[in-house]
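Student: I am sharing entry_1.tsv, which consists of TSV, C-alpha atoms:
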chain	number	residue	atom	x	y	z
A	1	MET	CA	110.79	20.01	60.17
A	2	ASP	CA	113.47	17.50	61.18
A	3	ASN	CA	116.95	17.15	62.62
A	4	LYS	CA	118.65	16.21	59.37
A	5	THR	CA	121.80	17.95	58.18
A	6	TYR	CA	121.65	19.73	54.83
A	7	ILE	CA	124.50	20.85	52.58
A	8	PHE	CA	124.20	23.77	50.17
A	9	GLU	CA	126.66	25.21	47.67
A	10	GLY	CA	127.29	28.64	46.20
A	11	LYS	CA	129.97	30.82	44.66
A	12	THR	CA	130.11	32.76	47.95
A	13	THR	CA	129.22	32.01	51.55
A	14	ASN	CA	126.22	34.36	51.41
A	15	GLU	CA	124.96	32.81	48.21
A	16	ALA	CA	125.15	29.32	49.71
A	17	ILE	CA	123.36	30.46	52.89
A	18	GLU	CA	120.61	32.30	51.00
A	19	LYS	CA	120.07	29.24	48.79
A	20	GLY	CA	119.76	27.01	51.84
A	21	LEU	CA	117.34	29.30	53.68
A	22	LYS	CA	115.19	29.58	50.59
A	23	GLU	CA	115.02	25.83	50.00
A	24	LEU	CA	114.31	25.10	53.67
A	25	LYS	CA	111.83	27.98	53.84
A	26	THR	CA	113.28	29.26	57.10
A	27	THR	CA	115.42	32.05	58.60
A	28	LYS	CA	118.95	32.28	59.98
A	29	TYR	CA	117.54	32.39	63.50
A	30	LYS	CA	116.05	28.90	63.24
A	31	VAL	CA	119.08	26.99	61.96
A	32	ASP	CA	122.67	26.31	62.94
A	33	ILE	CA	124.98	27.24	60.08
A	34	LYS	CA	128.48	25.89	59.62
A	35	VAL	CA	130.70	27.04	56.77
A	36	LEU	CA	132.60	24.08	55.36
A	37	GLU	CA	135.96	24.31	53.62
A	38	GLU	CA	135.98	25.47	50.03
A	39	ASP	CA	136.67	22.83	47.42
A	40	LYS	CA	140.43	22.50	47.17
A	41	LYS	CA	141.91	23.32	43.80
A	42	THR	CA	144.79	21.50	42.13
A	43	PHE	CA	147.07	22.98	39.50
A	44	PHE	CA	144.92	21.41	36.78
A	45	SER	CA	141.63	22.70	38.18
A	46	ILE	CA	142.74	26.22	39.07
A	47	LEU	CA	140.39	27.68	36.48
A	48	ALA	CA	137.38	25.82	37.86
A	49	PRO	CA	134.70	28.00	39.49
A	50	LYS	CA	134.95	28.62	43.23
A	51	VAL	CA	132.55	26.58	45.34
A	52	VAL	CA	131.63	27.25	48.97
A	53	LYS	CA	129.63	24.73	50.98
A	54	VAL	CA	127.58	25.41	54.10
A	55	GLU	CA	125.98	22.94	56.47
A	56	MET	CA	122.54	23.68	57.97
A	57	LYS	CA	120.58	21.98	60.70
A	58	PHE	CA	117.44	23.12	62.50
A	59	LYS	CA	118.10	24.22	66.07
A	60	ASN	CA	116.91	21.89	68.84
A	61	GLU	CA	114.71	24.52	70.49
A	62	VAL	CA	112.90	25.10	67.18
A	63	LEU	CA	112.30	21.36	66.79
A	64	LYS	CA	110.96	21.10	70.32
A	65	LYS	CA	108.48	23.92	69.71
A	66	GLU	CA	107.25	22.25	66.55
A	67	VAL	CA	106.84	18.88	68.26
A	68	ASN	CA	105.00	20.36	71.26
A	69	ARG	CA	102.50	22.33	69.24
A	70	GLU	CA	98.88	21.33	69.56
A	71	PRO	CA	96.18	21.47	66.87
A	72	VAL	CA	94.58	24.87	66.48
A	73	ASP	CA	91.30	25.51	68.26
A	74	VAL	CA	89.98	28.01	65.69
A	75	ASP	CA	86.90	28.92	67.73
A	76	LYS	CA	89.06	29.81	70.72
A	77	VAL	CA	91.49	31.81	68.60
A	78	MET	CA	88.67	33.76	67.00
A	79	GLY	CA	87.16	34.35	70.44
A	80	ASP	CA	90.47	35.79	71.68
A	81	LEU	CA	90.69	38.03	68.62
A	82	ARG	CA	87.12	39.25	69.05
A	83	GLU	CA	87.77	40.04	72.71
A	84	PHE	CA	90.80	42.15	71.80
A	85	LEU	CA	89.12	43.90	68.86
A	86	ASP	CA	85.96	44.74	70.82
A	87	CYS	CA	88.06	46.36	73.56
A	88	PHE	CA	90.43	48.08	71.12
A	89	LEU	CA	87.70	49.55	68.89
A	90	ALA	CA	85.62	50.64	71.88
A	91	ASN	CA	88.50	52.82	73.08
A	92	LEU	CA	89.06	54.61	69.76
A	93	PRO	CA	87.85	58.19	69.26
A	94	THR	CA	85.67	56.96	66.40
A	95	LYS	CA	82.84	54.98	67.96
A	96	GLY	CA	80.74	52.25	66.43
A	97	LEU	CA	83.36	50.72	64.12
A	98	LYS	CA	82.32	47.25	62.97
A	99	TYR	CA	84.39	44.37	61.66
A	100	GLU	CA	83.97	40.99	60.01
A	101	ILE	CA	86.05	37.97	60.97
A	102	LYS	CA	86.21	34.58	59.28
A	103	ALA	CA	88.55	31.60	59.21
A	104	GLU	CA	89.89	29.80	56.15
A	105	GLY	CA	91.89	26.93	57.59
A	106	ASN	CA	94.76	28.45	59.59
A	107	LEU	CA	94.22	31.85	57.97
A	108	ILE	CA	91.94	34.27	59.79
A	109	LYS	CA	90.71	37.28	57.82
A	110	ILE	CA	89.56	40.42	59.61
A	111	ASP	CA	87.93	43.23	57.66
A	112	ILE	CA	87.09	46.69	59.03
A	113	LYS	CA	85.09	48.27	56.21
A	114	ASP	CA	84.06	51.59	57.77
A	115	GLU	CA	85.59	54.57	55.88
A	116	GLN	CA	85.95	56.33	59.23
A	117	ALA	CA	88.64	53.80	60.12
A	118	THR	CA	91.09	54.88	57.41
A	119	TYR	CA	93.31	56.61	59.99
A	120	LEU	CA	94.13	53.11	61.28
A	121	ILE	CA	95.92	52.40	57.99
A	122	GLY	CA	98.77	54.87	58.47
A	123	TYR	CA	101.48	55.83	56.00
A	124	ARG	CA	101.62	53.07	53.38
A	125	GLY	CA	99.90	50.68	55.76
A	126	GLU	CA	102.39	50.98	58.65
A	127	THR	CA	99.70	51.29	61.35
A	128	LEU	CA	97.59	48.55	59.74
A	129	ASN	CA	100.56	46.18	59.59
A	130	SER	CA	101.50	46.90	63.22
A	131	LEU	CA	97.94	46.12	64.30
A	132	GLN	CA	98.01	42.96	62.19
A	133	ASN	CA	101.23	41.87	63.96
A	134	ILE	CA	99.53	42.32	67.33
A	135	LEU	CA	96.57	40.24	66.19
A	136	SER	CA	98.92	37.56	64.83
A	137	ASN	CA	100.70	37.34	68.18
A	138	ILE	CA	97.36	36.89	69.93
A	139	ALA	CA	96.35	34.17	67.48
A	140	SER	CA	99.61	32.19	67.65
A	141	ASN	CA	101.61	30.85	70.55
A	142	ASP	CA	104.01	27.97	71.30
A	143	LYS	CA	101.16	25.56	72.02
A	144	GLN	CA	99.44	25.98	68.70
A	145	GLU	CA	100.19	25.57	65.04
A	146	LYS	CA	101.02	28.80	63.27
A	147	VAL	CA	97.93	30.90	62.63
A	148	ARG	CA	98.09	33.71	60.07
A	149	VAL	CA	95.99	36.81	60.43
A	150	LEU	CA	95.24	39.09	57.49
A	151	LEU	CA	93.79	42.46	58.44
A	152	ASN	CA	92.11	44.72	55.88
A	153	ILE	CA	90.73	48.21	56.46
A	154	SER	CA	88.48	50.06	53.98
A	155	ASN	CA	89.67	47.86	51.10
A	156	TYR	CA	93.26	49.08	51.57
A	157	ARG	CA	94.77	45.72	50.57
A	158	GLU	CA	93.00	45.73	47.19
A	159	LYS	CA	93.96	49.36	46.48
A	160	ARG	CA	97.57	48.76	47.53
A	161	GLU	CA	97.78	45.66	45.34
A	162	LYS	CA	96.63	47.61	42.26
A	163	ASP	CA	99.06	50.46	42.99
A	164	LEU	CA	101.98	48.06	43.38
A	165	GLN	CA	101.07	46.19	40.20
A	166	VAL	CA	101.09	49.47	38.27
A	167	LEU	CA	104.39	50.46	39.90
A	168	ALA	CA	105.92	47.07	39.09
A	169	GLY	CA	104.94	47.48	35.44
A	170	LYS	CA	106.53	50.93	35.20
A	171	ILE	CA	109.72	49.76	36.94
A	172	ALA	CA	109.96	46.78	34.59
A	173	GLU	CA	109.67	49.07	31.55
A	174	SER	CA	112.39	51.35	32.94
A	175	VAL	CA	114.75	48.44	33.64
A	176	ALA	CA	114.16	46.90	30.20
A	177	LYS	CA	114.86	50.25	28.54
A	178	SER	CA	117.87	51.37	30.60
A	179	LYS	CA	119.24	47.85	31.18
A	180	LYS	CA	120.02	48.90	34.75
A	181	SER	CA	118.67	47.26	37.90
A	182	ILE	CA	116.34	49.24	40.16
A	183	THR	CA	116.03	48.68	43.91
A	184	LEU	CA	112.68	49.60	45.42
A	185	GLU	CA	112.18	51.05	48.87
A	186	PRO	CA	111.80	48.68	51.86
A	187	MET	CA	108.50	46.79	51.80
A	188	THR	CA	106.62	44.31	53.92
A	189	ALA	CA	106.65	40.64	52.91
A	190	TYR	CA	103.05	41.02	51.74
A	191	ASP	CA	103.90	43.95	49.41
A	192	ARG	CA	107.05	42.26	48.12
A	193	LYS	CA	105.02	39.19	47.20
A	194	ILE	CA	102.69	41.38	45.11
A	195	VAL	CA	105.63	42.83	43.16
A	196	HIS	CA	107.23	39.43	42.65
A	197	SER	CA	103.93	37.96	41.44
A	198	ALA	CA	103.26	40.89	39.10
A	199	LEU	CA	106.57	40.36	37.28
A	200	GLN	CA	107.12	36.61	37.54
A	201	GLU	CA	105.91	36.05	33.96
A	202	HIS	CA	107.74	39.06	32.51
A	203	ASP	CA	109.90	38.09	29.55
A	204	ARG	CA	112.71	40.61	30.13
A	205	VAL	CA	113.08	41.23	33.85
A	206	LYS	CA	113.36	39.22	37.05
A	207	THR	CA	112.94	40.09	40.72
A	208	TYR	CA	114.60	39.11	43.98
A	209	SER	CA	114.79	40.45	47.52
A	210	ILE	CA	117.79	41.75	49.47
A	211	GLY	CA	118.41	42.95	53.04
A	212	ARG	CA	116.91	42.05	56.37
A	213	GLU	CA	113.52	42.80	57.83
A	214	PRO	CA	112.13	45.39	58.25
A	215	TYR	CA	114.35	46.93	55.56
A	216	ARG	CA	114.10	44.13	53.00
A	217	LYS	CA	113.77	45.43	49.43
A	218	VAL	CA	112.81	44.13	45.99
A	219	VAL	CA	115.34	44.41	43.17
A	220	VAL	CA	114.17	44.42	39.56
A	221	SER	CA	116.88	43.52	37.03
A	222	LEU	CA	117.30	42.19	33.51
A	223	LYS	CA	117.03	38.44	33.00
Can I see the file as structure tokens?

Tutor:
Amino acid sequence: MDNKTYIFEGKTTNEAIEKGLKELKTTKYKVDIKVLEEDKKTFFSILAPKVVKVEMKFKNEVLKKEVNREPVDVDKVMGDLREFLDCFLANLPTKGLKYEIKAEGNLIKIDIKDEQATYLIGYRGETLNSLQNILSNIASNDKQEKVRVLLNISNYREKREKDLQVLAGKIAESVAKSKKSITLEPMTAYDRKIVHSALQEHDRVKTYSIGREPYRKVVVSLK
């Protein structure tokens, strides 16, 4: 991350902004955005396509946080997570739940395999994802590099991935046959990634996301 200024173009302001955010791999909240004037048209170029330019620069407070971050102490992070999980699980109505925790670089995987813990998954993983967010907040703070936490309960992630892959296949067939785009229901970033990956090699359809979190959706349309 740096303090350079970047210029992005699009047919509309939103298209230019989305292109910039995607290339910089960031969000609107981390950059200052300035819409520049549209390219001026002369009589001879009136039929030329409309071009909108936007200027983006990372916010100073974001840069400061990145500069001040310290290397991750994985052992300490895992200790903090264990302390929380031991207390959390001990206070659940189902006693004796066990978990496994391991680190792969800056990714920490936590797996609760007991079938009695399925009620912690919730409707389409809502409870699981909320618990994962809590664990992620414990693992990361302004003084450390970003640490990702992936929580799995009773192999839910694997089952959900298979279900979404099957769904993606059926949606792709429907779009290819009807030639009409289909917008899926809001999904988490993790679930959207599964759908995108499942169809990225498809020869007739493409996918993209629209909307803002937590209501961001995947759209499947013809190529």

Student: Quick one: contact table of segment 53-163 of chain A to segment 4-11 of chain A, 8 Å max, nearest atom pair and distance in Å to one decimal per residue, counting all atoms listed in the file, chain and number order, as JSON lines?

Tutor:
{"residue": "A:Lys53", "atom": "CA", "partner": "A:Glu9", "partner_atom": "CA", "distance": 4.5}
{"residue": "A:Val54", "atom": "CA", "partner": "A:Phe8", "partner_atom": "CA", "distance": 5.4}
{"residue": "A:Glu55", "atom": "CA", "partner": "A:Ile7", "partner_atom": "CA", "distance": 4.7}
{"residue": "A:Met56", "atom": "CA", "partner": "A:Tyr6", "partner_atom": "CA", "distance": 5.1}
{"residue": "A:Lys57", "atom": "CA", "partner": "A:Thr5", "partner_atom": "CA", "distance": 4.9}
{"residue": "A:Phe58", "atom": "CA", "partner": "A:Lys4", "partner_atom": "CA", "distance": 7.7}

Student: Starting from the point (124.3, 38.2, 45.8), work out which residues of protein, DNA or RNA have an atom no more than 12 Å away when counting all atoms listed in the file; state them as a PyMOL selection string.

Tutor: chain A and resi 10-19+208-211+219

Student: So which residues touch Pro93 of chain A within 12 Å, counting all atoms listed in the file, skipping near sequence neighbours fewer than 6 positions away, as JSON, numbers by chain?

Tutor: {"A": [116, 117, 119, 120]}

Student: Just how far from atom CA of Ala90 of chain A is atom CA of Val77 of chain A, in Å to one decimal?

Tutor: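 If I compute the distance from atom CA of Val77 of chain A to atom CA of Ala90 of chain A, I get 20.0 Å.
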
Student: I'd like the interatomic distance between atom CA of Asp80 of chain A and atom CA of Lys98 of chain A, to a tenth of an Å.

Tutor: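 A separation of 16.5 Å between them.
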